$ cat target_26.cif   # mmCIF, C-alpha atoms and all ligand atoms
data_structure
#
loop_
_atom_site.label_atom_id
_atom_site.label_comp_id
_atom_site.auth_asym_id
_atom_site.auth_seq_id
_atom_site.Cartn_x
_atom_site.Cartn_y
_atom_site.Cartn_z
CA MET A 1 0.00 0.00 0.00
CA THR A 2 1.24 3.54 -0.80
CA PRO A 3 2.38 5.33 2.36
CA GLN A 4 -0.08 7.99 3.47
CA ILE A 5 0.44 11.56 4.65
CA THR A 6 -1.80 14.23 6.21
CA ARG A 7 -3.48 16.93 4.15
CA ILE A 8 -5.66 19.77 5.51
CA SER A 9 -8.21 21.45 3.28
CA LEU A 10 -11.19 23.79 3.55
CA LYS A 11 -14.48 21.91 3.70
CA ASP A 12 -16.76 24.87 3.01
CA TYR A 13 -16.64 28.65 3.13
CA VAL A 14 -17.21 30.42 6.45
CA PRO A 15 -18.50 33.85 5.42
CA LYS A 16 -19.40 35.00 8.95
CA GLY A 17 -19.11 34.11 12.61
CA HIS A 18 -16.39 31.96 14.12
CA ALA A 19 -14.94 29.07 12.10
CA THR A 20 -14.87 25.65 13.79
CA LEU A 21 -12.86 22.46 13.35
CA SER A 22 -15.67 21.00 11.28
CA ASP A 23 -14.94 23.61 8.58
CA PHE A 24 -11.67 21.77 7.81
CA VAL A 25 -11.02 18.35 6.32
CA ILE A 26 -8.05 16.47 7.77
CA GLU A 27 -7.41 13.41 5.64
CA GLN A 28 -4.77 10.90 4.60
CA VAL A 29 -3.52 11.08 1.00
CA PRO A 30 -0.77 9.21 -0.86
CA THR A 31 2.82 10.41 -0.32
CA PRO A 32 4.31 12.15 -3.36
CA THR A 33 7.25 10.21 -4.78
CA LYS A 34 10.49 11.23 -6.46
CA ASP A 35 9.49 9.64 -9.77
CA GLN A 36 6.55 12.10 -9.96
CA LEU A 37 8.91 15.09 -10.06
CA LYS A 38 9.20 17.07 -13.28
CA ASP A 39 12.35 18.96 -14.14
CA GLY A 40 12.76 21.92 -11.71
CA GLN A 41 10.49 20.49 -9.02
CA ILE A 42 11.17 19.43 -5.45
CA ILE A 43 9.35 17.58 -2.69
CA LEU A 44 9.05 19.83 0.36
CA HIS A 45 8.44 18.65 3.90
CA PRO A 46 7.07 21.49 6.08
CA LEU A 47 8.88 21.88 9.40
CA TYR A 48 7.32 25.02 10.89
CA LEU A 49 4.04 26.54 9.74
CA SER A 50 3.04 30.12 10.45
CA VAL A 51 -0.54 30.54 11.71
CA ASP A 52 -1.96 34.04 11.27
CA PRO A 53 -5.23 35.93 11.91
CA TYR A 54 -5.50 37.09 8.27
CA GLN A 55 -6.24 33.45 7.36
CA ARG A 56 -9.72 33.95 8.85
CA GLY A 57 -10.63 36.17 5.88
CA ARG A 58 -9.30 33.49 3.53
CA LEU A 59 -11.85 30.99 4.84
CA SER A 60 -14.73 33.29 3.83
CA GLY A 61 -14.98 32.74 0.08
CA ALA A 62 -15.24 36.55 -0.29
CA LYS A 63 -13.80 38.15 -3.39
CA GLY A 64 -11.93 41.44 -3.78
CA SER A 65 -9.79 41.42 -0.64
CA TYR A 66 -6.02 42.01 -0.69
CA VAL A 67 -5.43 38.28 -0.61
CA GLU A 68 -7.57 35.66 -2.29
CA SER A 69 -9.88 33.37 -0.35
CA TYR A 70 -8.96 29.71 -0.10
CA VAL A 71 -10.94 27.60 -2.55
CA LYS A 72 -13.31 25.03 -1.09
CA GLY A 73 -11.62 21.62 -1.22
CA ASP A 74 -8.12 23.00 -1.80
CA THR A 75 -5.26 22.46 0.63
CA ILE A 76 -4.85 25.32 3.12
CA THR A 77 -1.74 27.39 2.39
CA ASN A 78 0.33 29.89 4.33
CA PHE A 79 3.94 30.85 4.92
CA LEU A 80 6.14 27.99 6.14
CA VAL A 81 9.71 26.79 6.52
CA GLY A 82 10.42 23.36 5.13
CA LYS A 83 13.14 20.93 4.14
CA VAL A 84 13.72 19.50 0.68
CA THR A 85 13.31 15.71 0.76
CA ALA A 86 13.79 15.08 -2.98
CA SER A 87 14.89 17.31 -5.82
CA ALA A 88 14.80 17.46 -9.61
CA SER A 89 16.05 21.06 -9.51
CA LYS A 90 19.56 22.29 -10.05
CA ASP A 91 18.95 25.14 -7.58
CA LEU A 92 17.85 23.17 -4.52
CA GLN A 93 19.31 20.02 -3.01
CA GLU A 94 17.91 17.42 -0.66
CA GLY A 95 18.31 18.74 2.89
CA ASP A 96 18.09 22.44 1.96
CA PHE A 97 15.91 24.64 4.18
CA VAL A 98 13.35 26.49 2.10
CA LEU A 99 10.83 29.31 2.67
CA ASP A 100 7.45 28.97 0.94
CA ASN A 101 4.99 31.90 1.10
CA HIS A 102 2.23 29.62 -0.20
CA GLY A 103 3.29 26.46 1.62
CA LYS A 104 0.76 23.66 1.82
CA TRP A 105 -0.67 22.22 5.02
CA GLN A 106 0.37 18.76 3.88
CA THR A 107 3.14 16.51 5.26
CA GLU A 108 4.97 16.52 1.92
CA TYR A 109 4.13 18.19 -1.38
CA ILE A 110 5.57 18.82 -4.82
CA VAL A 111 6.40 22.42 -5.72
CA ASP A 112 8.38 24.21 -8.43
CA ALA A 113 11.74 25.29 -7.02
CA LYS A 114 11.28 28.72 -8.66
CA ASP A 115 8.22 29.35 -6.46
CA VAL A 116 10.10 28.97 -3.17
CA SER A 117 13.36 30.42 -1.85
CA LYS A 118 16.32 28.93 -0.07
CA ALA A 119 16.39 30.12 3.55
CA PRO A 120 19.21 32.66 3.79
CA LYS A 121 22.04 31.79 6.18
CA LEU A 122 22.09 34.59 8.74
CA ASP A 123 24.30 34.85 11.77
CA GLY A 124 22.44 33.55 14.85
CA ILE A 125 19.25 32.78 12.90
CA SER A 126 17.82 29.25 12.82
CA PRO A 127 15.24 27.98 10.27
CA GLU A 128 12.32 28.40 12.71
CA ASP A 129 13.24 32.06 13.25
CA PHE A 130 11.71 32.72 9.82
CA VAL A 131 8.32 32.05 11.44
CA GLY A 132 9.51 33.78 14.62
CA VAL A 133 11.66 36.83 15.12
CA LEU A 134 12.03 37.38 11.35
CA SER A 135 8.45 36.41 10.49
CA MET A 136 5.91 38.34 8.43
CA PRO A 137 4.21 39.74 11.61
CA ALA A 138 7.58 40.82 13.03
CA PHE A 139 8.24 42.74 9.80
CA THR A 140 4.69 44.13 10.05
CA ALA A 141 5.59 45.57 13.45
CA TYR A 142 8.78 47.10 12.07
CA TYR A 143 7.08 48.61 9.04
CA GLY A 144 4.11 50.00 10.98
CA ALA A 145 5.90 51.23 14.09
CA VAL A 146 9.23 52.37 12.67
CA VAL A 147 8.65 53.26 8.99
CA LEU A 148 5.02 54.45 8.92
CA ALA A 149 4.56 55.95 12.38
CA LYS A 150 7.81 57.96 12.25
CA PRO A 151 8.34 57.73 16.01
CA LYS A 152 10.32 60.37 17.90
CA ALA A 153 12.06 59.72 21.20
CA GLY A 154 9.92 60.85 24.12
CA GLU A 155 6.61 60.23 22.36
CA THR A 156 3.98 57.85 23.73
CA ILE A 157 2.84 54.82 21.74
CA LEU A 158 -0.18 52.68 22.61
CA VAL A 159 -0.28 49.16 21.17
CA SER A 160 -3.12 46.65 21.38
CA SER A 161 -2.65 42.85 21.32
CA ALA A 162 0.74 43.78 22.72
CA SER A 163 1.95 40.27 23.61
CA GLY A 164 1.15 38.85 20.17
CA ALA A 165 3.22 38.18 17.06
CA VAL A 166 3.07 41.81 15.91
CA GLY A 167 2.52 43.51 19.27
CA GLN A 168 5.54 42.16 21.18
CA MET A 169 7.82 43.40 18.40
CA VAL A 170 6.13 46.83 18.36
CA VAL A 171 6.70 47.14 22.12
CA GLN A 172 10.42 46.39 21.84
CA LEU A 173 11.17 48.38 18.70
CA ALA A 174 9.32 51.41 20.09
CA LYS A 175 11.20 51.12 23.37
CA ALA A 176 14.50 50.90 21.46
CA LYS A 177 13.56 54.18 19.72
CA GLY A 178 13.11 55.90 23.09
CA LEU A 179 9.32 56.00 23.24
CA ARG A 180 7.08 55.62 26.27
CA VAL A 181 5.21 52.39 25.55
CA VAL A 182 1.73 51.47 26.75
CA GLY A 183 0.69 47.88 25.98
CA VAL A 184 -2.72 46.27 26.14
CA ALA A 185 -3.39 42.53 26.33
CA GLY A 186 -6.10 40.06 27.27
CA SER A 187 -4.73 38.35 30.40
CA ASP A 188 -2.68 39.30 33.46
CA ASP A 189 0.12 36.91 32.35
CA LYS A 190 0.28 38.63 29.00
CA VAL A 191 0.31 42.05 30.69
CA GLU A 192 3.25 40.93 32.86
CA TYR A 193 5.14 39.74 29.77
CA VAL A 194 4.49 43.04 27.96
CA LYS A 195 5.99 44.91 30.93
CA ARG A 196 8.94 42.49 31.10
CA ILE A 197 9.87 43.18 27.47
CA GLY A 198 9.89 46.92 28.09
CA ALA A 199 6.42 48.49 28.24
CA ASP A 200 6.30 51.38 30.71
CA ALA A 201 2.64 50.66 31.43
CA ALA A 202 0.28 47.86 30.45
CA PHE A 203 -3.24 46.76 31.28
CA ASN A 204 -5.69 43.93 30.72
CA TYR A 205 -8.49 45.15 28.46
CA LYS A 206 -10.78 42.37 29.67
CA THR A 207 -10.74 43.57 33.28
CA CYS A 208 -9.89 47.29 33.04
CA GLY A 209 -13.46 48.58 32.84
CA ASN A 210 -14.02 51.66 30.64
CA PHE A 211 -11.42 51.66 27.81
CA VAL A 212 -11.23 55.47 27.50
CA ASP A 213 -10.49 55.84 31.22
CA ALA A 214 -8.01 52.96 31.29
CA ILE A 215 -6.00 54.49 28.43
CA LYS A 216 -6.12 57.91 30.11
CA GLN A 217 -4.80 56.41 33.31
CA ALA A 218 -1.91 54.66 31.53
CA ALA A 219 -1.11 57.66 29.30
CA PRO A 220 -2.27 60.81 31.14
CA GLN A 221 -0.57 63.13 28.64
CA GLY A 222 -2.31 61.44 25.70
CA ILE A 223 -1.10 59.31 22.81
CA ASP A 224 1.17 60.26 19.92
CA ILE A 225 0.96 56.91 18.13
CA TYR A 226 -1.68 54.23 18.32
CA PHE A 227 -0.64 50.91 16.74
CA ASP A 228 -4.00 49.24 16.22
CA ASN A 229 -4.25 45.47 16.03
CA VAL A 230 -7.85 45.10 17.15
CA GLY A 231 -10.15 47.82 15.73
CA GLY A 232 -13.68 48.27 17.09
CA GLU A 233 -14.38 49.73 20.50
CA PHE A 234 -10.73 49.86 21.57
CA LEU A 235 -9.76 51.87 18.48
CA ASP A 236 -12.59 54.27 19.33
CA ALA A 237 -11.27 54.66 22.88
CA ALA A 238 -7.74 55.26 21.58
CA LEU A 239 -9.08 58.00 19.27
CA ALA A 240 -10.58 59.68 22.33
CA ASN A 241 -7.07 59.89 23.85
CA ILE A 242 -4.91 61.18 20.99
CA LYS A 243 -2.70 64.25 21.13
CA ASP A 244 -2.24 66.86 18.42
CA HIS A 245 -0.56 65.43 15.30
CA ALA A 246 -1.06 61.84 16.47
CA ARG A 247 -0.53 58.99 14.00
CA ILE A 248 -2.95 56.08 14.02
CA VAL A 249 -1.52 53.02 12.31
CA ILE A 250 -4.23 50.56 11.34
CA CYS A 251 -2.54 47.17 11.26
CA GLY A 252 -5.45 44.86 12.07
CA ALA A 253 -8.99 44.70 13.41
CA ILE A 254 -9.19 41.25 14.98
CA SER A 255 -12.21 42.21 17.13
CA GLN A 256 -14.19 42.53 13.88
CA TYR A 257 -13.04 39.42 11.95
CA ASN A 258 -15.75 37.07 13.23
CA ILE A 259 -18.83 39.28 13.33
CA SER A 260 -21.98 37.49 12.29
CA SER A 261 -23.59 40.33 10.30
CA PRO A 262 -22.55 43.75 8.91
CA GLU A 263 -24.84 45.38 11.50
CA GLU A 264 -22.66 43.89 14.23
CA ALA A 265 -19.60 45.86 13.04
CA TYR A 266 -18.59 48.41 15.67
CA ALA A 267 -19.41 51.96 14.53
CA ILE A 268 -16.57 54.37 15.41
CA LYS A 269 -17.79 57.49 17.20
CA ASN A 270 -14.61 59.51 17.78
CA LEU A 271 -13.41 59.97 14.20
CA THR A 272 -13.90 63.74 14.47
CA ASN A 273 -10.90 63.74 16.80
CA ILE A 274 -8.73 63.09 13.73
CA LEU A 275 -9.77 66.56 12.56
CA ILE A 276 -9.66 68.27 15.95
CA ARG A 277 -6.23 66.79 16.75
CA LYS A 278 -4.90 67.27 13.20
CA ALA A 279 -4.05 63.59 13.32
CA SER A 280 -3.52 61.02 10.57
CA ILE A 281 -4.82 57.51 10.17
CA THR A 282 -3.09 55.06 7.81
CA GLY A 283 -3.69 51.45 6.94
CA PHE A 284 -1.13 49.16 5.32
CA ILE A 285 -0.76 45.60 4.09
CA ILE A 286 2.70 44.21 4.68
CA LEU A 287 2.70 41.99 1.58
CA GLU A 288 3.38 45.14 -0.48
CA HIS A 289 6.63 45.78 1.38
CA PHE A 290 8.61 42.56 1.00
CA ASN A 291 11.59 42.77 -1.38
CA THR A 292 12.07 46.46 -0.54
CA PRO A 293 14.85 48.29 1.32
CA ASP A 294 12.49 48.41 4.34
CA HIS A 295 12.51 44.61 4.47
CA GLU A 296 16.29 44.49 4.09
CA ASN A 297 16.66 47.03 6.92
CA PHE A 298 14.26 45.04 9.10
CA VAL A 299 16.24 41.82 8.59
CA LYS A 300 19.55 43.62 9.28
CA GLU A 301 18.34 45.48 12.41
CA VAL A 302 16.36 42.65 13.97
CA THR A 303 19.02 40.00 13.24
CA LYS A 304 21.54 42.21 15.06
CA LEU A 305 19.24 42.88 18.03
CA HIS A 306 18.40 39.15 18.22
CA LYS A 307 22.07 38.12 18.12
CA GLU A 308 22.91 40.62 20.85
CA GLY A 309 20.10 39.22 22.97
CA LYS A 310 18.33 42.61 22.91
CA ILE A 311 15.05 41.32 21.58
CA LYS A 312 12.76 38.60 22.90
CA TYR A 313 10.28 36.84 20.67
CA ARG A 314 7.85 34.52 22.36
CA THR A 315 6.10 31.79 20.37
CA THR A 316 3.32 29.33 21.11
CA GLU A 317 4.29 26.08 19.42
CA THR A 318 1.55 23.59 18.53
CA LYS A 319 2.83 20.10 17.79
CA GLY A 320 1.55 18.17 14.76
CA LEU A 321 0.30 19.36 11.38
CA GLU A 322 -3.12 17.89 12.15
CA ASN A 323 -3.48 20.43 14.97
CA ALA A 324 -2.91 23.46 12.72
CA PRO A 325 -6.65 24.23 12.29
CA GLN A 326 -7.10 24.35 16.07
CA ALA A 327 -4.06 26.65 16.35
CA LEU A 328 -5.72 28.97 13.83
CA LEU A 329 -9.03 28.99 15.73
CA ASP A 330 -7.17 29.64 19.01
CA LEU A 331 -5.96 33.02 17.74
CA PHE A 332 -9.50 34.33 18.11
CA SER A 333 -9.87 33.36 21.75
CA GLY A 334 -6.42 34.60 22.75
CA LYS A 335 -5.10 31.09 23.54
CA ASN A 336 -1.83 31.88 21.75
CA PHE A 337 0.77 33.75 23.78
CA GLY A 338 3.20 35.27 21.30
CA LYS A 339 3.54 34.16 17.69
CA SER A 340 1.54 31.04 16.90
CA ILE A 341 3.52 28.40 15.01
CA VAL A 342 2.96 24.74 14.27
CA LYS A 343 5.79 22.22 14.33
CA ALA A 344 4.68 19.81 11.66
N1 LIG B 401 -1.58 44.85 8.08
C1 LIG B 401 -0.89 43.74 7.90
O1 LIG B 401 -0.25 43.54 6.88
C2 LIG B 401 -0.89 42.71 9.00
C3 LIG B 401 0.09 41.71 9.06
C4 LIG B 401 0.07 40.81 10.14
C5 LIG B 401 -0.93 40.90 11.10
N2 LIG B 401 -1.89 41.87 10.97
C6 LIG B 401 -2.94 42.02 11.98
O2 LIG B 401 -2.32 42.35 13.21
C7 LIG B 401 -3.12 41.87 14.29
C8 LIG B 401 -2.26 41.03 15.21
O3 LIG B 401 -1.83 39.88 14.48
P1 LIG B 401 -0.83 38.85 15.16
O4 LIG B 401 -0.36 37.93 14.11
O5 LIG B 401 0.16 39.60 15.97
O6 LIG B 401 -1.81 38.04 16.12
P2 LIG B 401 -1.59 37.79 17.67
O7 LIG B 401 -1.68 39.11 18.36
O8 LIG B 401 -0.36 36.97 17.86
O9 LIG B 401 -2.82 36.85 18.01
C9 LIG B 401 -4.11 37.30 18.02
C10 LIG B 401 -4.46 37.93 19.39
O10 LIG B 401 -5.55 38.83 19.20
C11 LIG B 401 -6.21 38.98 20.43
N3 LIG B 401 -7.65 38.91 20.16
C12 LIG B 401 -8.35 37.85 19.68
N4 LIG B 401 -9.65 38.16 19.56
C13 LIG B 401 -9.77 39.44 19.99
C14 LIG B 401 -10.86 40.35 20.11
N5 LIG B 401 -12.12 39.98 19.78
N6 LIG B 401 -10.61 41.60 20.60
C15 LIG B 401 -9.37 41.97 20.94
N7 LIG B 401 -8.29 41.17 20.84
C16 LIG B 401 -8.50 39.93 20.37
C17 LIG B 401 -5.76 37.84 21.34
O11 LIG B 401 -4.87 38.39 22.30
P3 LIG B 401 -5.39 38.88 23.74
O12 LIG B 401 -5.32 37.69 24.64
O13 LIG B 401 -4.45 39.96 24.08
O14 LIG B 401 -6.81 39.34 23.55
C18 LIG B 401 -4.98 36.93 20.41
O15 LIG B 401 -3.95 36.25 21.07
C19 LIG B 401 -4.28 41.10 13.67
O16 LIG B 401 -5.39 41.96 13.59
C20 LIG B 401 -3.77 40.78 12.27
O17 LIG B 401 -4.79 40.58 11.36
C21 LIG B 401 -1.88 42.76 9.95
#
$ encode --input "target_26.cif" --output "structure tokens"
Amino acid sequence: MTPQITRISLKDYVPKGHATLSDFVIEQVPTPTKDQLKDGQIILHPLYLSVDPYQRGRLSGAKGSYVESYVKGDTITNFLVGKVTASASKDLQEGDFVLDNHGKWQTEYIVDAKDVSKAPKLDGISPEDFVGVLSMPAFTAYYGAVVLAKPKAGETILVSSASGAVGQMVVQLAKAKGLRVVGVAGSDDKVEYVKRIGADAAFNYKTCGNFVDAIKQAAPQGIDIYFDNVGGEFLDAALANIKDHARIVICGAISQYNISSPEEAYAIKNLTNILIRKASITGFIILEHFNTPDHENFVKEVTKLHKEGKIKYRTTETKGLENAPQALLDLFSGKNFGKSIVKA
């Protein structure tokens, strides 16, 4: 009998509400074999999968977003680090570590070598760091907090989801630039971690009571930069606390990703403050900024900080490819603490 491997696909679209495990198919399929390889192809074995909130939108079947929805029945894809187990390519050899932006949630799969890249050898960086300290969300933090927000030493930055994949990097990069950092997270343990990695103040948004007052208490002089990972009511409360010429960086809106109808979307009330405070509000999608000098600078700066032990990057590692769907669902109940990755 042909040896079998695990494959994870989307059973049906989930246009609204929370996805559940039953929206995925986890099945056994035949292992790809070397004799199936065409010239230029490899067999890739995923080692570490990235699990990210934006994948929620990709389960929806909606059209017209910045990244296409998964197709019903197709294997789930996302960024991953893998190892070449067989090669018919002159560019990649068996045993090479490879980065695949569209890596399949499947124990082994065939891919064209030109569609993946060999993991660069960087001082002090291991293969799993490409889903960790050098991951897409870590770059998102760098781009949003350092490039877009144009921080100045002495300013105050507020960051939501501050212990997460993006947030923990925002906290540390902002601190390194001499800012006063206020972090917000969803448990007391997470709040403690956010303080440990450098936040000057932090609070638990689930127990703080009124958001506007809690922000005011943590940042009595007001906020120069709000790095928004959550949207909704917390964004509204941040807007109520901004100073003149504040910059609002819209990175994510996780509080709104699982609403069950358009009417449930939180309606922002304090937008007029953008006018009164002569502030700016900017959204961005990080996929536009790979292969740019900003990405090169991020890799250089963060690799150095990491090697010098000046940056911490916490991950939650789920073991087993078959548990990747649960790891994805867990992002929306805050079960991850730091960047969520799956060790396949
Ligand atoms: N613009 C871009 O290109 C880009 C790129 C990457 C990520 N993002 C966005 O950045 C945000 C953070 O992503 P990440 O990868 O760093 O995820 P993460 O923070 O590591 O994980 C998600 C966290 O969101 C919090 N959360 C979940 N449901 C929530 C809700 N209803 N209200 C408030 N908080 C909630 C939970 O933390 P707590 O326990 O603290 O609640 C959870 O642990 C997401 O919105 C994501 O979509 C944007």
$ residues_around --input "target_26.cif" --residues "A:Val181" --least-positions-apart "2" --cutoff "12 Å" --atoms "all atoms listed in the file" --output "count of residues only"
45
$ axis_aligned_box --input "target_26.cif" --around "stretch 90-94 of chain A" --padding-each-side "8 Å" --output "lines of an AutoDock Vina configuration file"
center_x = 18.7
center_y = 21.3
center_z = -5.4
size_x = 17.7
size_y = 23.7
size_z = 25.4
$ residues_around --input "target_26.cif" --residues "A:Thr85" --least-positions-apart "3" --cutoff "10 Å" --atoms "all atoms listed in the file" --output "list in words"
Thr33, Lys34, Ile42, Ile43, Leu44, His45, Gly82, Gln93, Glu94, Gly95, Asp96, Phe97, Glu108 and Tyr109 of chain A
$ residues_around --input "target_26.cif" --residues "A:Leu328" --least-positions-apart "2" --cutoff "10 Å" --atoms "all atoms listed in the file" --output "number ranges by chain"
A: 19-21, 50-56, 323-326, 330-333, 335-336, 340-342
$ closest_residue --input "target_26.cif" --among "A:Asn291, A:Gln221, A:Asn241, A:Asn258" --to "A:Arg277" --atoms "all atoms listed in the file"
A:Asn241
$ residues_near_ligand --input "target_26.cif" --ligand "ligand LIG 401 (chain B)" --cutoff "7 Å" --atoms "all atoms listed in the file" --output "mmCIF file with C-alpha atoms, in the coordinates of the input"
data_model
loop_
_atom_site.group_PDB
_atom_site.id
_atom_site.type_symbol
_atom_site.label_atom_id
_atom_site.label_comp_id
_atom_site.auth_asym_id
_atom_site.auth_seq_id
_atom_site.Cartn_x
_atom_site.Cartn_y
_atom_site.Cartn_z
ATOM 1 C CA ASP A 52 -1.960 34.040 11.270
ATOM 2 C CA PRO A 53 -5.230 35.930 11.910
ATOM 3 C CA TYR A 54 -5.500 37.090 8.270
ATOM 4 C CA MET A 136 5.910 38.340 8.430
ATOM 5 C CA PRO A 137 4.210 39.740 11.610
ATOM 6 C CA THR A 140 4.690 44.130 10.050
ATOM 7 C CA SER A 161 -2.650 42.850 21.320
ATOM 8 C CA ALA A 162 0.740 43.780 22.720
ATOM 9 C CA SER A 163 1.950 40.270 23.610
ATOM 10 C CA GLY A 164 1.150 38.850 20.170
ATOM 11 C CA ALA A 165 3.220 38.180 17.060
ATOM 12 C CA VAL A 166 3.070 41.810 15.910
ATOM 13 C CA GLY A 167 2.520 43.510 19.270
ATOM 14 C CA VAL A 184 -2.720 46.270 26.140
ATOM 15 C CA ALA A 185 -3.390 42.530 26.330
ATOM 16 C CA GLY A 186 -6.100 40.060 27.270
ATOM 17 C CA SER A 187 -4.730 38.350 30.400
ATOM 18 C CA LYS A 190 0.280 38.630 29.000
ATOM 19 C CA ASN A 229 -4.250 45.470 16.030
ATOM 20 C CA VAL A 230 -7.850 45.100 17.150
ATOM 21 C CA CYS A 251 -2.540 47.170 11.260
ATOM 22 C CA GLY A 252 -5.450 44.860 12.070
ATOM 23 C CA ALA A 253 -8.990 44.700 13.410
ATOM 24 C CA ILE A 254 -9.190 41.250 14.980
ATOM 25 C CA SER A 255 -12.210 42.210 17.130
ATOM 26 C CA GLN A 256 -14.190 42.530 13.880
ATOM 27 C CA PHE A 284 -1.130 49.160 5.320
ATOM 28 C CA ILE A 285 -0.760 45.600 4.090
ATOM 29 C CA ILE A 286 2.700 44.210 4.680
ATOM 30 C CA LEU A 287 2.700 41.990 1.580
ATOM 31 C CA LEU A 331 -5.960 33.020 17.740
ATOM 32 C CA PHE A 332 -9.500 34.330 18.110
ATOM 33 C CA SER A 333 -9.870 33.360 21.750
ATOM 34 C CA GLY A 334 -6.420 34.600 22.750
ATOM 35 C CA LYS A 335 -5.100 31.090 23.540
ATOM 36 C CA ASN A 336 -1.830 31.880 21.750
ATOM 37 C CA PHE A 337 0.770 33.750 23.780
ATOM 38 C CA GLY A 338 3.200 35.270 21.300
ATOM 39 C CA LYS A 339 3.540 34.160 17.690
ATOM 40 C CA SER A 340 1.540 31.040 16.900
#
$ residues_around --input "target_26.cif" --residues "A:Val111" --least-positions-apart "5" --cutoff "12 Å" --atoms "all atoms listed in the file" --output "ChimeraX atom specification"
/A:32,34,36-46,82,84-89,92,98-104,106,116-117
